[in-house]
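Structure below is protein23.cif: mmCIF, N, CA and C atoms.
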```
data_final
#
loop_
_atom_site.label_atom_id
_atom_site.label_comp_id
_atom_site.auth_asym_id
_atom_site.auth_seq_id
_atom_site.Cartn_x
_atom_site.Cartn_y
_atom_site.Cartn_z
N GLN A 26 -1.80 32.43 78.27
CA GLN A 26 -0.95 32.51 77.09
C GLN A 26 -0.19 31.20 76.94
N VAL A 27 -0.26 30.63 75.74
CA VAL A 27 0.41 29.37 75.47
C VAL A 27 1.86 29.63 75.09
N GLN A 28 2.75 28.88 75.68
CA GLN A 28 4.16 28.95 75.31
C GLN A 28 4.75 27.56 75.27
N LEU A 29 5.57 27.33 74.25
CA LEU A 29 6.42 26.15 74.17
C LEU A 29 7.85 26.65 74.19
N VAL A 30 8.63 26.18 75.13
CA VAL A 30 9.99 26.68 75.29
C VAL A 30 10.96 25.51 75.15
N GLU A 31 11.80 25.59 74.11
CA GLU A 31 12.81 24.56 73.89
C GLU A 31 14.10 24.93 74.61
N SER A 32 14.84 23.92 74.98
CA SER A 32 16.16 24.12 75.57
C SER A 32 17.01 22.89 75.27
N GLY A 33 18.30 23.03 75.50
CA GLY A 33 19.19 21.89 75.36
C GLY A 33 20.05 21.89 74.12
N GLY A 34 19.84 22.85 73.24
CA GLY A 34 20.68 22.91 72.06
C GLY A 34 22.09 23.36 72.40
N GLY A 35 22.95 23.32 71.40
CA GLY A 35 24.32 23.75 71.62
C GLY A 35 25.24 23.27 70.54
N LEU A 36 26.52 23.38 70.81
CA LEU A 36 27.57 22.96 69.89
C LEU A 36 28.16 21.65 70.39
N VAL A 37 28.23 20.68 69.51
CA VAL A 37 28.75 19.36 69.89
C VAL A 37 29.55 18.79 68.72
N ARG A 38 30.51 17.96 69.03
CA ARG A 38 31.28 17.31 67.97
C ARG A 38 30.51 16.13 67.40
N ALA A 39 30.83 15.80 66.18
CA ALA A 39 30.22 14.62 65.56
C ALA A 39 30.42 13.40 66.45
N GLY A 40 29.36 12.63 66.59
CA GLY A 40 29.38 11.47 67.46
C GLY A 40 28.89 11.75 68.86
N GLY A 41 28.72 13.02 69.18
CA GLY A 41 28.26 13.41 70.51
C GLY A 41 26.75 13.32 70.65
N SER A 42 26.27 13.73 71.81
CA SER A 42 24.85 13.64 72.14
C SER A 42 24.33 14.95 72.73
N LEU A 43 23.06 15.18 72.51
CA LEU A 43 22.34 16.28 73.14
C LEU A 43 20.94 15.79 73.48
N ARG A 44 20.34 16.39 74.49
CA ARG A 44 18.94 16.13 74.77
C ARG A 44 18.19 17.46 74.76
N LEU A 45 17.25 17.55 73.85
CA LEU A 45 16.41 18.73 73.77
C LEU A 45 15.17 18.54 74.63
N SER A 46 14.72 19.63 75.23
CA SER A 46 13.50 19.62 76.02
C SER A 46 12.55 20.68 75.49
N CYS A 47 11.28 20.39 75.59
CA CYS A 47 10.24 21.35 75.20
C CYS A 47 9.20 21.34 76.31
N THR A 48 9.13 22.44 77.03
CA THR A 48 8.21 22.54 78.15
C THR A 48 7.10 23.52 77.81
N ALA A 49 5.89 23.09 78.10
CA ALA A 49 4.72 23.89 77.74
C ALA A 49 4.12 24.58 78.95
N SER A 50 3.57 25.73 78.68
CA SER A 50 2.75 26.43 79.67
C SER A 50 1.49 26.92 78.96
N GLY A 51 0.41 26.93 79.68
CA GLY A 51 -0.84 27.40 79.08
C GLY A 51 -1.60 26.34 78.30
N LEU A 52 -1.04 25.14 78.23
CA LEU A 52 -1.77 24.04 77.62
C LEU A 52 -1.28 22.73 78.23
N ILE A 53 -2.06 21.69 78.03
CA ILE A 53 -1.72 20.38 78.56
C ILE A 53 -1.16 19.54 77.42
N LEU A 54 0.14 19.28 77.46
CA LEU A 54 0.79 18.56 76.36
C LEU A 54 0.18 17.18 76.15
N ALA A 55 -0.33 16.57 77.21
CA ALA A 55 -0.90 15.24 77.09
C ALA A 55 -2.07 15.20 76.11
N ASP A 56 -2.66 16.33 75.83
CA ASP A 56 -3.79 16.39 74.91
C ASP A 56 -3.37 16.43 73.45
N TYR A 57 -2.07 16.53 73.20
CA TYR A 57 -1.58 16.74 71.84
C TYR A 57 -0.56 15.69 71.43
N ALA A 58 -0.61 15.33 70.14
CA ALA A 58 0.56 14.71 69.55
C ALA A 58 1.62 15.82 69.47
N MET A 59 2.85 15.46 69.75
CA MET A 59 3.92 16.46 69.76
C MET A 59 5.03 16.06 68.81
N GLY A 60 5.61 17.06 68.20
CA GLY A 60 6.67 16.77 67.24
C GLY A 60 7.87 17.67 67.41
N TRP A 61 8.98 17.18 66.90
CA TRP A 61 10.20 17.96 66.74
C TRP A 61 10.44 18.12 65.24
N LEU A 62 10.70 19.32 64.83
CA LEU A 62 11.01 19.62 63.45
C LEU A 62 12.32 20.41 63.44
N ARG A 63 12.95 20.47 62.27
CA ARG A 63 14.19 21.22 62.18
C ARG A 63 14.28 21.94 60.86
N GLN A 64 15.08 22.99 60.87
CA GLN A 64 15.33 23.73 59.63
C GLN A 64 16.79 24.13 59.59
N ALA A 65 17.46 23.65 58.56
CA ALA A 65 18.85 23.99 58.33
C ALA A 65 18.93 25.18 57.39
N PRO A 66 20.01 25.94 57.43
CA PRO A 66 20.15 27.09 56.54
C PRO A 66 19.97 26.71 55.08
N GLY A 67 19.10 27.43 54.40
CA GLY A 67 18.89 27.20 52.98
C GLY A 67 18.06 25.98 52.65
N LYS A 68 17.52 25.33 53.69
CA LYS A 68 16.72 24.13 53.45
C LYS A 68 15.31 24.31 54.00
N GLU A 69 14.42 23.48 53.51
CA GLU A 69 13.05 23.53 54.02
C GLU A 69 12.97 22.87 55.40
N ARG A 70 11.99 23.30 56.15
CA ARG A 70 11.75 22.68 57.45
C ARG A 70 11.30 21.24 57.24
N GLU A 71 11.77 20.34 58.11
CA GLU A 71 11.38 18.94 57.99
C GLU A 71 11.01 18.37 59.35
N GLY A 72 10.08 17.46 59.35
CA GLY A 72 9.71 16.78 60.57
C GLY A 72 10.75 15.75 60.94
N VAL A 73 11.16 15.77 62.19
CA VAL A 73 12.19 14.85 62.66
C VAL A 73 11.58 13.66 63.38
N SER A 74 10.70 13.95 64.31
CA SER A 74 10.12 12.89 65.10
C SER A 74 8.81 13.37 65.71
N CYS A 75 7.91 12.42 65.94
CA CYS A 75 6.59 12.75 66.42
C CYS A 75 6.13 11.67 67.40
N ILE A 76 5.40 12.07 68.43
CA ILE A 76 4.89 11.10 69.41
C ILE A 76 3.41 11.34 69.63
N ALA A 77 2.66 10.26 69.59
CA ALA A 77 1.20 10.36 69.72
C ALA A 77 0.80 10.75 71.14
N SER A 78 -0.40 11.30 71.25
CA SER A 78 -0.92 11.70 72.56
C SER A 78 -1.56 10.53 73.28
N THR A 79 -1.97 9.52 72.51
CA THR A 79 -2.76 8.44 73.10
C THR A 79 -1.89 7.28 73.56
N ASP A 80 -1.32 6.56 72.61
CA ASP A 80 -0.60 5.34 72.97
C ASP A 80 0.91 5.52 73.01
N GLY A 81 1.38 6.73 72.77
CA GLY A 81 2.82 6.98 72.82
C GLY A 81 3.58 6.44 71.63
N SER A 82 2.88 6.05 70.59
CA SER A 82 3.57 5.57 69.40
C SER A 82 4.35 6.73 68.78
N THR A 83 5.42 6.37 68.10
CA THR A 83 6.33 7.39 67.57
C THR A 83 6.59 7.19 66.09
N TYR A 84 7.01 8.27 65.48
CA TYR A 84 7.46 8.28 64.09
C TYR A 84 8.77 9.03 64.06
N SER A 85 9.71 8.55 63.26
CA SER A 85 10.97 9.29 63.10
C SER A 85 11.39 9.32 61.65
N LEU A 86 12.02 10.40 61.28
CA LEU A 86 12.62 10.54 59.97
C LEU A 86 13.64 9.42 59.76
N GLU A 87 13.67 8.88 58.57
CA GLU A 87 14.54 7.74 58.30
C GLU A 87 15.99 8.01 58.67
N SER A 88 16.45 9.21 58.40
CA SER A 88 17.87 9.53 58.61
C SER A 88 18.25 9.63 60.09
N VAL A 89 17.25 9.67 60.99
CA VAL A 89 17.57 9.77 62.41
C VAL A 89 17.19 8.51 63.18
N LYS A 90 16.58 7.56 62.49
CA LYS A 90 16.18 6.33 63.18
C LYS A 90 17.40 5.62 63.75
N GLY A 91 17.25 5.16 64.98
CA GLY A 91 18.36 4.50 65.66
C GLY A 91 19.29 5.47 66.35
N ARG A 92 19.13 6.76 66.10
CA ARG A 92 19.98 7.77 66.74
C ARG A 92 19.19 8.72 67.62
N PHE A 93 17.99 9.10 67.20
CA PHE A 93 17.15 10.04 67.94
C PHE A 93 15.97 9.30 68.57
N THR A 94 15.60 9.72 69.77
CA THR A 94 14.45 9.14 70.45
C THR A 94 13.59 10.25 71.02
N ILE A 95 12.32 10.24 70.65
CA ILE A 95 11.38 11.20 71.21
C ILE A 95 10.65 10.55 72.37
N SER A 96 10.39 11.34 73.41
CA SER A 96 9.66 10.83 74.56
C SER A 96 8.90 11.99 75.19
N ARG A 97 8.01 11.64 76.08
CA ARG A 97 7.24 12.68 76.75
C ARG A 97 7.05 12.34 78.22
N ASP A 98 7.01 13.38 79.04
CA ASP A 98 6.71 13.23 80.46
C ASP A 98 5.52 14.14 80.72
N ASN A 99 4.34 13.56 80.70
CA ASN A 99 3.14 14.37 80.82
C ASN A 99 3.04 15.04 82.20
N ALA A 100 3.60 14.41 83.19
CA ALA A 100 3.57 15.01 84.53
C ALA A 100 4.37 16.31 84.58
N LYS A 101 5.41 16.38 83.73
CA LYS A 101 6.23 17.59 83.67
C LYS A 101 5.84 18.49 82.51
N ASN A 102 4.80 18.06 81.77
CA ASN A 102 4.34 18.85 80.62
C ASN A 102 5.49 19.13 79.64
N THR A 103 6.30 18.09 79.41
CA THR A 103 7.54 18.25 78.65
C THR A 103 7.71 17.12 77.66
N VAL A 104 8.24 17.46 76.51
CA VAL A 104 8.61 16.49 75.49
C VAL A 104 10.12 16.58 75.27
N TYR A 105 10.74 15.46 75.02
CA TYR A 105 12.19 15.41 74.86
C TYR A 105 12.57 14.86 73.50
N LEU A 106 13.77 15.20 73.08
CA LEU A 106 14.38 14.56 71.92
C LEU A 106 15.81 14.22 72.31
N GLN A 107 16.06 12.96 72.52
CA GLN A 107 17.42 12.48 72.80
C GLN A 107 18.11 12.24 71.48
N MET A 108 19.22 12.90 71.27
CA MET A 108 19.94 12.80 70.00
C MET A 108 21.33 12.25 70.27
N ASN A 109 21.59 11.08 69.74
CA ASN A 109 22.88 10.42 69.89
C ASN A 109 23.57 10.30 68.55
N ASN A 110 24.87 10.08 68.60
CA ASN A 110 25.65 9.91 67.38
C ASN A 110 25.34 11.02 66.37
N LEU A 111 25.42 12.22 66.84
CA LEU A 111 25.08 13.37 65.99
C LEU A 111 26.05 13.50 64.83
N LYS A 112 25.52 13.97 63.72
CA LYS A 112 26.29 14.16 62.50
C LYS A 112 26.23 15.63 62.07
N PRO A 113 27.21 16.09 61.33
CA PRO A 113 27.18 17.49 60.87
C PRO A 113 25.88 17.84 60.14
N GLU A 114 25.31 16.88 59.43
CA GLU A 114 24.08 17.16 58.70
C GLU A 114 22.86 17.30 59.62
N ASP A 115 23.03 17.06 60.91
CA ASP A 115 21.95 17.31 61.87
C ASP A 115 21.92 18.78 62.31
N THR A 116 22.90 19.55 61.89
CA THR A 116 22.94 20.96 62.25
C THR A 116 21.71 21.68 61.73
N ALA A 117 21.00 22.35 62.65
CA ALA A 117 19.75 23.02 62.29
C ALA A 117 19.20 23.72 63.53
N VAL A 118 18.17 24.51 63.31
CA VAL A 118 17.35 25.00 64.41
C VAL A 118 16.24 23.98 64.61
N TYR A 119 16.08 23.53 65.84
CA TYR A 119 15.09 22.52 66.17
C TYR A 119 13.91 23.17 66.89
N PHE A 120 12.73 22.82 66.43
CA PHE A 120 11.49 23.37 66.99
C PHE A 120 10.62 22.23 67.52
N CYS A 121 9.91 22.51 68.60
CA CYS A 121 8.83 21.59 68.98
C CYS A 121 7.51 22.25 68.60
N ALA A 122 6.52 21.41 68.36
CA ALA A 122 5.24 21.92 67.89
C ALA A 122 4.13 20.94 68.23
N THR A 123 2.95 21.48 68.45
CA THR A 123 1.81 20.61 68.69
C THR A 123 1.34 19.97 67.38
N ASP A 124 0.71 18.83 67.54
CA ASP A 124 0.19 18.08 66.39
C ASP A 124 1.27 17.84 65.34
N CYS A 125 2.48 17.65 65.84
CA CYS A 125 3.63 17.33 64.98
C CYS A 125 3.85 18.35 63.87
N GLY A 126 3.57 19.59 64.17
CA GLY A 126 3.79 20.66 63.22
C GLY A 126 2.54 21.11 62.48
N ALA A 127 1.47 20.36 62.62
CA ALA A 127 0.23 20.72 61.93
C ALA A 127 -0.70 21.55 62.79
N GLY A 128 -0.31 21.80 64.04
CA GLY A 128 -1.16 22.52 64.96
C GLY A 128 -0.85 24.00 65.06
N ASP A 129 -1.35 24.60 66.11
CA ASP A 129 -1.28 26.05 66.25
C ASP A 129 -0.06 26.56 67.02
N TYR A 130 0.61 25.68 67.74
CA TYR A 130 1.62 26.15 68.68
C TYR A 130 3.01 25.62 68.36
N TRP A 131 3.95 26.56 68.35
CA TRP A 131 5.35 26.27 68.07
C TRP A 131 6.23 26.94 69.09
N GLY A 132 7.36 26.32 69.36
CA GLY A 132 8.36 26.98 70.16
C GLY A 132 9.20 27.92 69.32
N GLN A 133 10.13 28.59 69.97
CA GLN A 133 10.95 29.58 69.27
C GLN A 133 12.17 28.95 68.60
N GLY A 134 12.46 27.73 68.96
CA GLY A 134 13.57 27.02 68.34
C GLY A 134 14.83 27.06 69.18
N THR A 135 15.64 26.03 69.03
CA THR A 135 16.94 25.97 69.69
C THR A 135 17.97 25.48 68.67
N GLN A 136 19.11 26.13 68.66
CA GLN A 136 20.14 25.83 67.67
C GLN A 136 20.95 24.61 68.08
N VAL A 137 21.10 23.70 67.15
CA VAL A 137 22.00 22.55 67.31
C VAL A 137 23.05 22.64 66.22
N THR A 138 24.30 22.66 66.63
CA THR A 138 25.41 22.72 65.68
C THR A 138 26.34 21.56 65.95
N VAL A 139 26.59 20.77 64.91
CA VAL A 139 27.45 19.60 65.03
C VAL A 139 28.69 19.83 64.18
N SER A 140 29.84 19.84 64.82
CA SER A 140 31.09 20.07 64.10
C SER A 140 31.71 18.72 63.70
N SER A 141 32.40 18.76 62.59
CA SER A 141 33.01 17.51 62.09
C SER A 141 34.40 17.30 62.67
#
```

Could I get this file's structure written as structure tokens?
Amino acid sequence: QVQLVESGGGLVRAGGSLRLSCTASGLILADYAMGWLRQAPGKEREGVSCIASTDGSTYSLESVKGRFTISRDNAKNTVYLQMNNLKPEDTAVYFCATDCGAGDYWGQGTQVTVSS
């Protein structure tokens, strides 16, 4: 059974930092491009950041560039999202997903709340 389990969300003040983790079981993350997506109340889900399976190249949403960093540790079967200088508009449920959201597997999500 494939599972993606996110952790690391929480409540933080604006300007603070969080690191999200997504650990997989039942599949080898190294075989997939992996992404973090988020959905805020009343808004559509959006892709935040994505990391390739091959060369480790990354893509990030313009509004998080310079603040968020996606990385992967294939030995731990885990993908991370380091989030610095958080803003209230970053408040959302964050999901990890294979193939940057275009694949079959998603985590259950972790809540990130940024207070002003």

- Task: Carefully work through the PyMOL selection byres (((chain A and resi 134 and name CA) around 10) and name CA) for this structure and note down the residues it includes, as a ChimeraX atom specification.
- Result: /A:29-32,34,47,61-64,117-122,131-133,135-137

On this structure, which residues satisfy the PyMOL selection byres ((chain A and resi 95) around 7), written as a compact mmCIF listing (two decimals) with N, CA and C atoms, keeping the file's coordinate frame?
```txt
# COMPACT_ATOMS: atom_id res chain seq x y z
N SER A 74 10.70 13.95 64.31
CA SER A 74 10.12 12.89 65.10
C SER A 74 8.81 13.37 65.71
N CYS A 75 7.91 12.42 65.94
CA CYS A 75 6.59 12.75 66.42
C CYS A 75 6.13 11.67 67.40
N ILE A 76 5.40 12.07 68.43
CA ILE A 76 4.89 11.10 69.41
C ILE A 76 3.41 11.34 69.63
N PHE A 93 17.99 9.10 67.20
CA PHE A 93 17.15 10.04 67.94
C PHE A 93 15.97 9.30 68.57
N THR A 94 15.60 9.72 69.77
CA THR A 94 14.45 9.14 70.45
C THR A 94 13.59 10.25 71.02
N SER A 96 10.39 11.34 73.41
CA SER A 96 9.66 10.83 74.56
C SER A 96 8.90 11.99 75.19
N ARG A 97 8.01 11.64 76.08
CA ARG A 97 7.24 12.68 76.75
C ARG A 97 7.05 12.34 78.22
N VAL A 104 8.24 17.46 76.51
CA VAL A 104 8.61 16.49 75.49
C VAL A 104 10.12 16.58 75.27
N TYR A 105 10.74 15.46 75.02
CA TYR A 105 12.19 15.41 74.86
C TYR A 105 12.57 14.86 73.50
N LEU A 106 13.77 15.20 73.08
CA LEU A 106 14.38 14.56 71.92
C LEU A 106 15.81 14.22 72.31
N GLN A 107 16.06 12.96 72.52
CA GLN A 107 17.42 12.48 72.80
C GLN A 107 18.11 12.24 71.48
```

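The coordinates place CA of Asp124 (chain A) at 17.1 Å from atom C of Lys101 (chain A).
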
- Just the strand (DSSP E or B) stuff from region 28-141 of chain A, please, per backbone DSSP, written as a VMD selection string. chain A and resid 28 to 32 35 to 38 43 to 50 59 to 64 71 to 76 83 to 85 93 to 98 103 to 108 117 to 123 131 135 to 140

Using the chain letters and numbers from this file, what does the PyMOL selection byres (((chain A and resi 55 and name CA) around 7) and name CA) select? Give the answer as a compact mmCIF listing (two decimals) with N, CA and C atoms, in the coordinates of the input.
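Written file, expr.txt:
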```txt
# COMPACT_ATOMS: atom_id res chain seq x y z
N ILE A 53 -2.06 21.69 78.03
CA ILE A 53 -1.72 20.38 78.56
C ILE A 53 -1.16 19.54 77.42
N LEU A 54 0.14 19.28 77.46
CA LEU A 54 0.79 18.56 76.36
C LEU A 54 0.18 17.18 76.15
N ASP A 56 -2.66 16.33 75.83
CA ASP A 56 -3.79 16.39 74.91
C ASP A 56 -3.37 16.43 73.45
N TYR A 57 -2.07 16.53 73.20
CA TYR A 57 -1.58 16.74 71.84
C TYR A 57 -0.56 15.69 71.43
N SER A 78 -0.40 11.30 71.25
CA SER A 78 -0.92 11.70 72.56
C SER A 78 -1.56 10.53 73.28
N ASN A 99 4.34 13.56 80.70
CA ASN A 99 3.14 14.37 80.82
C ASN A 99 3.04 15.04 82.20
```

- Query: Could you work out how far CA of Gly33 (chain A) lies from CA of Asp115 (chain A), giving the answer in Å with one decimal?
  - Reply: 14.5 Å

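Restricting the calculation to only C-alpha atoms, the smallest distance between Asn102 (chain A) and any of A:Gln28, A:Ser140, A:Ser42, A:Ser85 is found for A:Gln28.
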
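Closest approach to Gln26 (chain A) among A:Gly51, A:Pro66, A:Gly91, A:Gly81 is made by A:Gly51 (distances from only C-alpha atoms).
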
- Query: At what distance in Å, to one decimal, does CA of Asn109 (chain A) lie from CA of Ala58 (chain A)?
  - Reply: 22.7 Å

- Query: Hey, which of A:Met59, A:Val139, A:Val73, A:Ala100 ends up closest to Thr116 (chain A)? Count only N, CA and C atoms.
  - Reply: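 The closest residue to Thr116 (chain A) is A:Val139.
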
Kindly provide, as JSON, the centre and edge lengths (Å, one decimal) of an axis-aligned box around all atoms of region 86-97 of chain A given in the file, with 5 Å on each side.
```
{"center_x": 13.5, "center_y": 8.6, "center_z": 68.3, "size_x": 22.9, "size_y": 18.2, "size_z": 29.9}
```

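Nearest to Leu43 (chain A) of all the residues A:Gly126, A:Asp80, A:Met108, A:Pro113 is A:Met108, counting all atoms listed in the file.
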